[in-house]
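I have placed the structure first, in the form of structure tokens, so that the comments after it can refer back to it.
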Amino acid sequence: MTGLLRYHLSSLIMTLPTLLLMAGFFFLPLFIIFGEALQEPLSALSRLISDNAFWQSLLGSLVLAIMASGVSVAVGLMIAIYLAKQPAQLRMLWSFLVSLPLVFSGLIVAYGFILAFGRAGTVTMLMSKLGIDPAWLGGFIYSPAGLAFAYCYYLTPRAIFVLLPILVNFDHKQLLAGYSLGASRWQAFKDILLPQIAPALGTSICITFAVAFGAYGTALALTGTQVNILPLLLYSRISDAGSDFPVVALISIILLTVCLLITALSEWLKARADTTTVH
């Protein structure tokens, strides 16, 4: 009994720093946000609903997340299919290179895209020699579509690493059997491969959508507050001297709720895929 008590006590001591960090940097801010929103919930909700900037930002965030996640998963799927066919050592090397965008902060990503695709960027100047208007290309990166393009830089690796294990373990003999029965490449992909990777595709879409919906570092550094998305609206409202903090708290809760729901959907799809694999 003493040994068991000592084991539980040592386990508690080892997890105590994690619990303190969670309490100080997650639960306490969350408690403060909910407390602020509940000071005048109906009045704050009424002011939020009547705020056109909120609806524009919500729509902008949804469109941005859909564009960025859709492109990232499509590109990530093609890269993951290619990597799955490579030898293990070469695949490990490529995986290391693919993971590099995940190391950089949003500020570095934004700065890199400005240097490459800005009005005086390297790619912009090279494209101008091919007849592409540098003013158009230089302005593109500061638009919502350009922001989605920048998001794809660090969302695509996330999609790749979700899809790659499924594709590595996929039995490609099934595709060969389909080809031998007269199926085209598209038919084999649609009828054989796609149904088996559909849960992983759904998971990767959910993960990239949630990240794009809640991210603000790259957007702030790249466009300032010119693009209407919820994270930048939240940032601008907090920065204002006379902020309506109950409304700001409600925006935070809505942003958190959407991301949590998408993440929960991702976990449900992952669990469903695991159950299907077992059965």
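Every chain in the structure tokens has a letter given in the order shown (A, B, ...), and although residue numbers restart at 1 in each chain, ligands are simply numbered from 1 in the order shown.
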**OP:** Can you pull out every residue within 8 Å of Ser72 (chain A), counting only C-alpha atoms, but drop anything in the same chain fewer than 5 positions away, and send it as a VMD selection string?
**Re:** chain A and resid 152 155 to 156 159 208
Expected file contents, prior selection, C-alpha atoms, as a tab-separated table (two decimals), in the first residue's frame:
chain	number	residue	atom	x	y	z
A	152	CYS	CA	-1.28	26.81	-47.71
A	155	LEU	CA	-1.22	23.89	-43.91
A	156	THR	CA	-0.11	21.54	-46.70
A	159	ALA	CA	-2.41	17.48	-44.58
A	208	THR	CA	-6.40	22.56	-41.76
Please report, as a Markdown table, each residue of region 169-254 of chain A lying at most 10 Å from region 78-91 of chain A, together with the nearest pair of atoms and the separation in Å rounded to one decimal; use only C-alpha atoms, and order rows by chain and ascending residue number.
| residue | atom | partner | partner_atom | distance |
| --- | --- | --- | --- | --- |
| A:Asn169 | CA | A:Ala84 | CA | 8.5 |
| A:Phe170 | CA | A:Ala84 | CA | 8.9 |
| A:His172 | CA | A:Lys85 | CA | 9.4 |
Just to be explicit: take each residue in the selection above, keep C-alpha atoms, and write the result as a PDB file, in the first residue's frame.
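Heads up, here's the output in selection_22.pdb:
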ATOM      1  CA  ASN A 169      -0.044   1.140 -45.561  1.00  0.00           C
ATOM      2  CA  PHE A 170      -2.404   1.002 -48.538  1.00  0.00           C
ATOM      3  CA  HIS A 172      -1.395  -0.999 -54.093  1.00  0.00           C
TER       4      HIS A 172
END
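Of the residues listed (A:Thr18, A:Asn52, A:Ser105, A:Asn228), A:Asn228 shows the shortest atom-to-atom separation from Phe213 (chain A); distances use only C-alpha atoms.
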Applying 12 Å and only C-alpha atoms, which residues near Ile32 (chain A) remain after dropping the ones on its own chain fewer than 2 positions away? List them as a PDB file with C-alpha atoms, in the first residue's frame.
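Written file, result_5.pdb:
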ATOM      1  CA  ALA A  23      -4.459  26.314 -15.181  1.00  0.00           C
ATOM      2  CA  GLY A  24      -2.487  29.525 -15.712  1.00  0.00           C
ATOM      3  CA  PHE A  25      -2.433  29.706 -19.497  1.00  0.00           C
ATOM      4  CA  PHE A  26      -5.655  27.936 -20.528  1.00  0.00           C
ATOM      5  CA  PHE A  27      -8.298  27.596 -17.819  1.00  0.00           C
ATOM      6  CA  LEU A  28      -7.732  30.986 -16.160  1.00  0.00           C
ATOM      7  CA  PRO A  29      -7.950  32.989 -19.436  1.00  0.00           C
ATOM      8  CA  LEU A  30     -10.955  30.893 -20.454  1.00  0.00           C
ATOM      9  CA  PHE A  34     -16.583  33.590 -20.007  1.00  0.00           C
ATOM     10  CA  GLY A  35     -16.887  35.826 -16.947  1.00  0.00           C
ATOM     11  CA  GLU A  36     -16.560  38.925 -19.133  1.00  0.00           C
ATOM     12  CA  ALA A  37     -19.160  37.648 -21.603  1.00  0.00           C
ATOM     13  CA  LEU A  38     -21.640  36.817 -18.826  1.00  0.00           C
ATOM     14  CA  GLN A  39     -21.581  40.308 -17.327  1.00  0.00           C
ATOM     15  CA  PHE A 245     -15.033  43.801 -23.723  1.00  0.00           C
ATOM     16  CA  PRO A 246     -18.246  41.745 -23.342  1.00  0.00           C
ATOM     17  CA  VAL A 248     -14.891  40.972 -27.545  1.00  0.00           C
ATOM     18  CA  ALA A 249     -15.355  38.037 -25.161  1.00  0.00           C
ATOM     19  CA  LEU A 250     -18.300  36.765 -27.224  1.00  0.00           C
ATOM     20  CA  SER A 252     -13.500  34.935 -28.618  1.00  0.00           C
ATOM     21  CA  ILE A 253     -16.031  32.320 -27.513  1.00  0.00           C
TER      22      ILE A 253
END
Can you list every residue in region 112-275 of chain A that DSSP puts in helix (DSSP H, G or I), as a compact mmCIF listing (two decimals) with N, CA and C atoms, in the first residue's frame?
# COMPACT_ATOMS: atom_id res chain seq x y z
N GLY A 112 8.57 36.20 -45.58
CA GLY A 112 9.07 35.47 -46.74
C GLY A 112 8.20 35.66 -47.97
N PHE A 113 6.87 35.64 -47.78
CA PHE A 113 5.97 35.84 -48.91
C PHE A 113 6.03 37.27 -49.43
N ILE A 114 6.25 38.24 -48.55
CA ILE A 114 6.40 39.62 -49.01
C ILE A 114 7.67 39.76 -49.85
N LEU A 115 8.77 39.13 -49.40
CA LEU A 115 10.02 39.19 -50.17
C LEU A 115 9.89 38.48 -51.51
N ALA A 116 9.08 37.43 -51.56
CA ALA A 116 8.96 36.66 -52.80
C ALA A 116 7.88 37.21 -53.72
N PHE A 117 6.71 37.56 -53.15
CA PHE A 117 5.55 37.91 -53.98
C PHE A 117 5.06 39.34 -53.76
N THR A 122 10.98 39.03 -55.41
CA THR A 122 11.79 38.34 -56.41
C THR A 122 10.93 37.68 -57.49
N VAL A 123 9.92 36.93 -57.06
CA VAL A 123 9.05 36.26 -58.03
C VAL A 123 8.27 37.28 -58.85
N THR A 124 7.83 38.35 -58.22
CA THR A 124 7.08 39.39 -58.93
C THR A 124 7.92 40.02 -60.04
N MET A 125 9.19 40.31 -59.73
CA MET A 125 10.06 40.91 -60.74
C MET A 125 10.35 39.94 -61.88
N LEU A 126 10.52 38.65 -61.54
CA LEU A 126 10.77 37.65 -62.58
C LEU A 126 9.54 37.48 -63.47
N MET A 127 8.36 37.46 -62.86
CA MET A 127 7.13 37.31 -63.64
C MET A 127 6.86 38.53 -64.51
N SER A 128 7.32 39.71 -64.07
CA SER A 128 7.10 40.91 -64.88
C SER A 128 7.85 40.83 -66.21
N PRO A 134 3.29 43.45 -62.66
CA PRO A 134 3.80 43.36 -61.29
C PRO A 134 2.87 43.99 -60.27
N ALA A 135 2.10 45.00 -60.68
CA ALA A 135 1.16 45.63 -59.75
C ALA A 135 0.07 44.64 -59.34
N TRP A 136 -0.40 43.84 -60.33
CA TRP A 136 -1.43 42.84 -60.01
C TRP A 136 -0.87 41.75 -59.11
N LEU A 137 0.28 41.19 -59.50
CA LEU A 137 0.87 40.10 -58.72
C LEU A 137 1.31 40.60 -57.35
N GLY A 138 1.85 41.81 -57.29
CA GLY A 138 2.28 42.36 -56.01
C GLY A 138 1.12 42.66 -55.08
N GLY A 139 -0.04 42.99 -55.66
CA GLY A 139 -1.21 43.24 -54.83
C GLY A 139 -1.95 41.97 -54.44
N PHE A 140 -1.74 40.90 -55.21
CA PHE A 140 -2.45 39.65 -54.96
C PHE A 140 -2.15 39.09 -53.57
N PRO A 144 -7.42 38.56 -49.83
CA PRO A 144 -7.85 37.33 -49.17
C PRO A 144 -7.37 36.07 -49.88
N ALA A 145 -7.39 36.07 -51.22
CA ALA A 145 -6.89 34.90 -51.96
C ALA A 145 -5.39 34.72 -51.75
N GLY A 146 -4.65 35.83 -51.71
CA GLY A 146 -3.22 35.75 -51.44
C GLY A 146 -2.93 35.26 -50.04
N LEU A 147 -3.77 35.67 -49.09
CA LEU A 147 -3.61 35.19 -47.71
C LEU A 147 -3.87 33.69 -47.63
N ALA A 148 -4.88 33.20 -48.36
CA ALA A 148 -5.14 31.76 -48.40
C ALA A 148 -3.95 31.02 -49.02
N PHE A 149 -3.36 31.62 -50.04
CA PHE A 149 -2.16 31.04 -50.67
C PHE A 149 -1.02 30.94 -49.67
N ALA A 150 -0.83 31.98 -48.86
CA ALA A 150 0.22 31.95 -47.84
C ALA A 150 -0.08 30.92 -46.76
N TYR A 151 -1.35 30.78 -46.39
CA TYR A 151 -1.72 29.78 -45.39
C TYR A 151 -1.39 28.37 -45.86
N CYS A 152 -1.55 28.14 -47.18
CA CYS A 152 -1.28 26.81 -47.71
C CYS A 152 0.16 26.38 -47.47
N TYR A 153 1.05 27.35 -47.30
CA TYR A 153 2.47 27.04 -47.10
C TYR A 153 2.67 26.16 -45.87
N TYR A 154 1.95 26.47 -44.78
CA TYR A 154 2.14 25.66 -43.58
C TYR A 154 0.94 24.75 -43.27
N LEU A 155 -0.11 24.82 -44.08
CA LEU A 155 -1.22 23.89 -43.91
C LEU A 155 -1.00 22.60 -44.71
N THR A 156 -0.35 22.72 -45.86
CA THR A 156 -0.11 21.54 -46.70
C THR A 156 0.69 20.46 -45.98
N PRO A 157 1.78 20.79 -45.25
CA PRO A 157 2.48 19.73 -44.50
C PRO A 157 1.59 19.02 -43.49
N ARG A 158 0.67 19.74 -42.86
CA ARG A 158 -0.24 19.09 -41.92
C ARG A 158 -1.11 18.06 -42.63
N ALA A 159 -1.60 18.42 -43.81
CA ALA A 159 -2.41 17.48 -44.58
C ALA A 159 -1.58 16.27 -45.02
N ILE A 160 -0.35 16.52 -45.41
CA ILE A 160 0.52 15.42 -45.86
C ILE A 160 0.74 14.42 -44.74
N PHE A 161 1.04 14.91 -43.54
CA PHE A 161 1.37 14.00 -42.44
C PHE A 161 0.15 13.26 -41.89
N VAL A 162 -1.05 13.75 -42.18
CA VAL A 162 -2.26 12.99 -41.85
C VAL A 162 -2.50 11.88 -42.87
N LEU A 163 -2.27 12.19 -44.14
CA LEU A 163 -2.58 11.25 -45.22
C LEU A 163 -1.48 10.22 -45.47
N LEU A 164 -0.23 10.60 -45.22
CA LEU A 164 0.89 9.74 -45.59
C LEU A 164 0.85 8.37 -44.93
N PRO A 165 0.61 8.23 -43.61
CA PRO A 165 0.58 6.88 -43.02
C PRO A 165 -0.48 5.98 -43.64
N ILE A 166 -1.63 6.55 -43.99
CA ILE A 166 -2.69 5.75 -44.62
C ILE A 166 -2.25 5.26 -45.98
N LEU A 167 -1.62 6.13 -46.75
CA LEU A 167 -1.20 5.77 -48.10
C LEU A 167 -0.01 4.81 -48.09
N VAL A 168 0.87 4.93 -47.11
CA VAL A 168 2.01 4.01 -47.01
C VAL A 168 1.51 2.59 -46.74
N LYS A 173 -1.71 -3.37 -54.59
CA LYS A 173 -2.14 -4.48 -55.44
C LYS A 173 -3.62 -4.36 -55.80
N GLN A 174 -4.38 -3.67 -54.94
CA GLN A 174 -5.79 -3.46 -55.25
C GLN A 174 -5.95 -2.61 -56.51
N LEU A 175 -5.09 -1.61 -56.66
CA LEU A 175 -5.14 -0.77 -57.86
C LEU A 175 -4.74 -1.57 -59.10
N LEU A 176 -3.71 -2.41 -58.94
CA LEU A 176 -3.27 -3.24 -60.06
C LEU A 176 -4.38 -4.20 -60.49
N ALA A 177 -5.11 -4.72 -59.50
CA ALA A 177 -6.23 -5.60 -59.83
C ALA A 177 -7.31 -4.83 -60.59
N GLY A 178 -7.53 -3.59 -60.19
CA GLY A 178 -8.51 -2.76 -60.90
C GLY A 178 -8.08 -2.48 -62.33
N TYR A 179 -6.78 -2.18 -62.51
CA TYR A 179 -6.28 -1.94 -63.87
C TYR A 179 -6.44 -3.19 -64.74
N SER A 180 -6.17 -4.35 -64.15
CA SER A 180 -6.26 -5.60 -64.92
C SER A 180 -7.70 -5.91 -65.34
N ARG A 185 -7.17 4.91 -64.57
CA ARG A 185 -6.53 5.43 -63.35
C ARG A 185 -7.53 6.21 -62.50
N TRP A 186 -8.36 7.01 -63.15
CA TRP A 186 -9.35 7.79 -62.42
C TRP A 186 -10.38 6.89 -61.75
N GLN A 187 -10.84 5.85 -62.46
CA GLN A 187 -11.82 4.93 -61.89
C GLN A 187 -11.23 4.17 -60.71
N ALA A 188 -9.97 3.74 -60.83
CA ALA A 188 -9.32 3.03 -59.73
C ALA A 188 -9.15 3.95 -58.52
N PHE A 189 -8.78 5.19 -58.77
CA PHE A 189 -8.63 6.15 -57.67
C PHE A 189 -9.97 6.41 -57.00
N LYS A 190 -11.01 6.62 -57.82
CA LYS A 190 -12.33 6.99 -57.29
C LYS A 190 -13.01 5.83 -56.57
N ASP A 191 -12.89 4.62 -57.11
CA ASP A 191 -13.65 3.49 -56.58
C ASP A 191 -12.87 2.63 -55.60
N ILE A 192 -11.53 2.69 -55.63
CA ILE A 192 -10.73 1.82 -54.77
C ILE A 192 -9.99 2.62 -53.70
N LEU A 193 -9.18 3.59 -54.12
CA LEU A 193 -8.35 4.33 -53.17
C LEU A 193 -9.14 5.34 -52.36
N LEU A 194 -9.96 6.13 -53.03
CA LEU A 194 -10.65 7.24 -52.35
C LEU A 194 -11.54 6.79 -51.19
N PRO A 195 -12.35 5.71 -51.35
CA PRO A 195 -13.18 5.30 -50.20
C PRO A 195 -12.35 4.89 -48.98
N GLN A 196 -11.15 4.37 -49.19
CA GLN A 196 -10.34 3.92 -48.07
C GLN A 196 -9.61 5.06 -47.36
N ILE A 197 -9.36 6.15 -48.09
CA ILE A 197 -8.67 7.28 -47.46
C ILE A 197 -9.64 8.42 -47.13
N ALA A 198 -10.94 8.22 -47.38
CA ALA A 198 -11.92 9.28 -47.14
C ALA A 198 -11.92 9.78 -45.70
N PRO A 199 -11.89 8.89 -44.67
CA PRO A 199 -11.83 9.42 -43.30
C PRO A 199 -10.59 10.25 -43.03
N ALA A 200 -9.44 9.82 -43.56
CA ALA A 200 -8.21 10.60 -43.37
C ALA A 200 -8.30 11.94 -44.11
N LEU A 201 -8.93 11.94 -45.27
CA LEU A 201 -9.15 13.20 -45.99
C LEU A 201 -10.02 14.14 -45.17
N GLY A 202 -11.09 13.59 -44.59
CA GLY A 202 -11.96 14.40 -43.74
C GLY A 202 -11.22 14.96 -42.54
N THR A 203 -10.38 14.13 -41.93
CA THR A 203 -9.58 14.59 -40.78
C THR A 203 -8.64 15.71 -41.18
N SER A 204 -7.95 15.55 -42.30
CA SER A 204 -7.00 16.58 -42.75
C SER A 204 -7.72 17.87 -43.09
N ILE A 205 -8.91 17.78 -43.69
CA ILE A 205 -9.69 18.98 -43.99
C ILE A 205 -10.09 19.69 -42.70
N CYS A 206 -10.53 18.93 -41.71
CA CYS A 206 -10.93 19.53 -40.43
C CYS A 206 -9.75 20.21 -39.74
N ILE A 207 -8.60 19.54 -39.72
CA ILE A 207 -7.43 20.11 -39.05
C ILE A 207 -6.98 21.40 -39.73
N THR A 208 -6.85 21.36 -41.04
CA THR A 208 -6.40 22.56 -41.76
C THR A 208 -7.44 23.67 -41.69
N PHE A 209 -8.72 23.32 -41.70
CA PHE A 209 -9.77 24.33 -41.58
C PHE A 209 -9.69 25.02 -40.22
N ALA A 210 -9.55 24.24 -39.15
CA ALA A 210 -9.49 24.82 -37.81
C ALA A 210 -8.28 25.74 -37.65
N VAL A 211 -7.13 25.31 -38.17
CA VAL A 211 -5.93 26.14 -38.08
C VAL A 211 -6.11 27.44 -38.86
N ALA A 212 -6.64 27.34 -40.08
CA ALA A 212 -6.83 28.54 -40.91
C ALA A 212 -7.88 29.46 -40.32
N PHE A 213 -8.90 28.91 -39.70
CA PHE A 213 -9.98 29.72 -39.14
C PHE A 213 -9.49 30.53 -37.94
N GLY A 214 -8.60 29.95 -37.15
CA GLY A 214 -8.17 30.62 -35.92
C GLY A 214 -6.84 31.34 -36.01
N GLY A 217 -1.45 35.31 -36.94
CA GLY A 217 -0.10 35.86 -37.02
C GLY A 217 0.29 36.22 -38.44
N THR A 218 0.14 35.27 -39.36
CA THR A 218 0.48 35.53 -40.76
C THR A 218 -0.42 36.60 -41.36
N ALA A 219 -1.72 36.54 -41.05
CA ALA A 219 -2.66 37.52 -41.59
C ALA A 219 -2.33 38.92 -41.10
N LEU A 220 -2.00 39.06 -39.82
CA LEU A 220 -1.69 40.37 -39.26
C LEU A 220 -0.42 40.94 -39.86
N ALA A 221 0.60 40.10 -40.01
CA ALA A 221 1.87 40.57 -40.56
C ALA A 221 1.77 40.86 -42.05
N LEU A 222 0.92 40.13 -42.74
CA LEU A 222 0.84 40.25 -44.20
C LEU A 222 -0.12 41.34 -44.65
N THR A 223 -1.27 41.43 -44.01
CA THR A 223 -2.32 42.36 -44.47
C THR A 223 -2.70 43.40 -43.43
N LEU A 230 -12.26 36.94 -38.47
CA LEU A 230 -12.54 37.04 -37.04
C LEU A 230 -11.30 37.28 -36.18
N PRO A 231 -10.19 36.56 -36.39
CA PRO A 231 -9.02 36.81 -35.54
C PRO A 231 -8.52 38.25 -35.62
N LEU A 232 -8.54 38.85 -36.81
CA LEU A 232 -8.09 40.24 -36.95
C LEU A 232 -9.11 41.21 -36.37
N LEU A 233 -10.40 40.89 -36.48
CA LEU A 233 -11.42 41.71 -35.82
C LEU A 233 -11.23 41.68 -34.31
N LEU A 234 -10.97 40.50 -33.78
CA LEU A 234 -10.71 40.36 -32.35
C LEU A 234 -9.48 41.16 -31.94
N TYR A 235 -8.43 41.08 -32.74
CA TYR A 235 -7.20 41.83 -32.44
C TYR A 235 -7.46 43.33 -32.45
N SER A 236 -8.18 43.82 -33.46
CA SER A 236 -8.42 45.26 -33.56
C SER A 236 -9.31 45.75 -32.42
N ARG A 237 -10.30 44.93 -32.01
CA ARG A 237 -11.18 45.34 -30.92
C ARG A 237 -10.43 45.38 -29.59
N ILE A 238 -9.54 44.42 -29.38
CA ILE A 238 -8.75 44.42 -28.14
C ILE A 238 -7.79 45.60 -28.12
N SER A 239 -7.26 45.97 -29.30
CA SER A 239 -6.29 47.07 -29.38
C SER A 239 -6.93 48.43 -29.17
N PHE A 245 -15.62 45.09 -24.08
CA PHE A 245 -15.03 43.80 -23.72
C PHE A 245 -16.04 42.66 -23.66
N PRO A 246 -17.29 42.86 -23.25
CA PRO A 246 -18.25 41.74 -23.34
C PRO A 246 -18.44 41.24 -24.78
N VAL A 247 -18.48 42.17 -25.75
CA VAL A 247 -18.60 41.77 -27.15
C VAL A 247 -17.32 41.07 -27.61
N VAL A 248 -16.17 41.60 -27.21
CA VAL A 248 -14.89 40.97 -27.55
C VAL A 248 -14.84 39.55 -26.99
N ALA A 249 -15.34 39.37 -25.77
CA ALA A 249 -15.35 38.04 -25.16
C ALA A 249 -16.26 37.10 -25.95
N LEU A 250 -17.40 37.60 -26.42
CA LEU A 250 -18.30 36.77 -27.22
C LEU A 250 -17.65 36.35 -28.54
N ILE A 251 -16.93 37.29 -29.17
CA ILE A 251 -16.21 36.94 -30.40
C ILE A 251 -15.18 35.85 -30.13
N SER A 252 -14.49 35.96 -29.00
CA SER A 252 -13.50 34.93 -28.62
C SER A 252 -14.16 33.58 -28.43
N ILE A 253 -15.32 33.58 -27.77
CA ILE A 253 -16.03 32.32 -27.51
C ILE A 253 -16.51 31.70 -28.82
N ILE A 254 -17.02 32.52 -29.74
CA ILE A 254 -17.46 32.01 -31.04
C ILE A 254 -16.28 31.42 -31.81
N LEU A 255 -15.17 32.12 -31.81
CA LEU A 255 -13.97 31.63 -32.49
C LEU A 255 -13.51 30.31 -31.89
N LEU A 256 -13.50 30.24 -30.56
CA LEU A 256 -13.09 29.02 -29.87
C LEU A 256 -14.06 27.88 -30.14
N THR A 257 -15.36 28.18 -30.13
CA THR A 257 -16.37 27.14 -30.33
C THR A 257 -16.27 26.52 -31.72
N VAL A 258 -16.11 27.36 -32.74
CA VAL A 258 -16.00 26.84 -34.10
C VAL A 258 -14.78 25.93 -34.23
N CYS A 259 -13.65 26.37 -33.69
CA CYS A 259 -12.42 25.56 -33.78
C CYS A 259 -12.57 24.25 -33.01
N LEU A 260 -13.22 24.30 -31.84
CA LEU A 260 -13.41 23.08 -31.05
C LEU A 260 -14.36 22.11 -31.75
N LEU A 261 -15.41 22.63 -32.36
CA LEU A 261 -16.35 21.76 -33.08
C LEU A 261 -15.69 21.08 -34.28
N ILE A 262 -14.88 21.84 -35.01
CA ILE A 262 -14.18 21.26 -36.15
C ILE A 262 -13.16 20.22 -35.68
N THR A 263 -12.47 20.51 -34.57
CA THR A 263 -11.51 19.55 -34.02
C THR A 263 -12.22 18.30 -33.54
N ALA A 264 -13.39 18.46 -32.89
CA ALA A 264 -14.16 17.30 -32.44
C ALA A 264 -14.61 16.45 -33.63
N LEU A 265 -15.02 17.11 -34.71
CA LEU A 265 -15.39 16.37 -35.93
C LEU A 265 -14.19 15.60 -36.47
N SER A 266 -13.02 16.21 -36.41
CA SER A 266 -11.80 15.53 -36.85
C SER A 266 -11.53 14.28 -36.03
N GLU A 267 -11.68 14.39 -34.70
CA GLU A 267 -11.45 13.23 -33.84
C GLU A 267 -12.50 12.15 -34.08
N TRP A 268 -13.74 12.56 -34.35
CA TRP A 268 -14.79 11.58 -34.63
C TRP A 268 -14.49 10.82 -35.93
N LEU A 269 -14.04 11.54 -36.94
CA LEU A 269 -13.69 10.90 -38.21
C LEU A 269 -12.52 9.94 -38.02
N LYS A 270 -11.55 10.36 -37.19
CA LYS A 270 -10.39 9.50 -36.94
C LYS A 270 -10.82 8.22 -36.21
N ALA A 271 -11.69 8.36 -35.20
CA ALA A 271 -12.18 7.19 -34.47
C ALA A 271 -13.00 6.28 -35.37
N ARG A 272 -13.79 6.88 -36.25
CA ARG A 272 -14.58 6.08 -37.18
C ARG A 272 -13.68 5.31 -38.14
N ALA A 273 -12.60 5.96 -38.59
CA ALA A 273 -11.66 5.28 -39.48
C ALA A 273 -10.99 4.11 -38.77
N ASP A 274 -10.61 4.32 -37.50
CA ASP A 274 -9.98 3.24 -36.73
C ASP A 274 -10.94 2.07 -36.54
N THR A 275 -12.21 2.39 -36.27
CA THR A 275 -13.22 1.34 -36.08
C THR A 275 -13.43 0.55 -37.37
**OP:** For CA of Ala120 (chain A) and CA of Gly224 (chain A), quote the distance in Å rounded to one decimal.
**Re:**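 Value for the CA of Ala120 (chain A)-CA of Gly224 (chain A) distance: 18.4 Å.
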**OP:** Using only C-alpha atoms, determine which residues lie at most 7 Å from Ser61 (chain A), disregarding the query and same-chain residues fewer than 2 positions distant; provide the list as an NGL selection string.
**Re:** :A and (57-59 or 63-65 or 213 or 229-230)
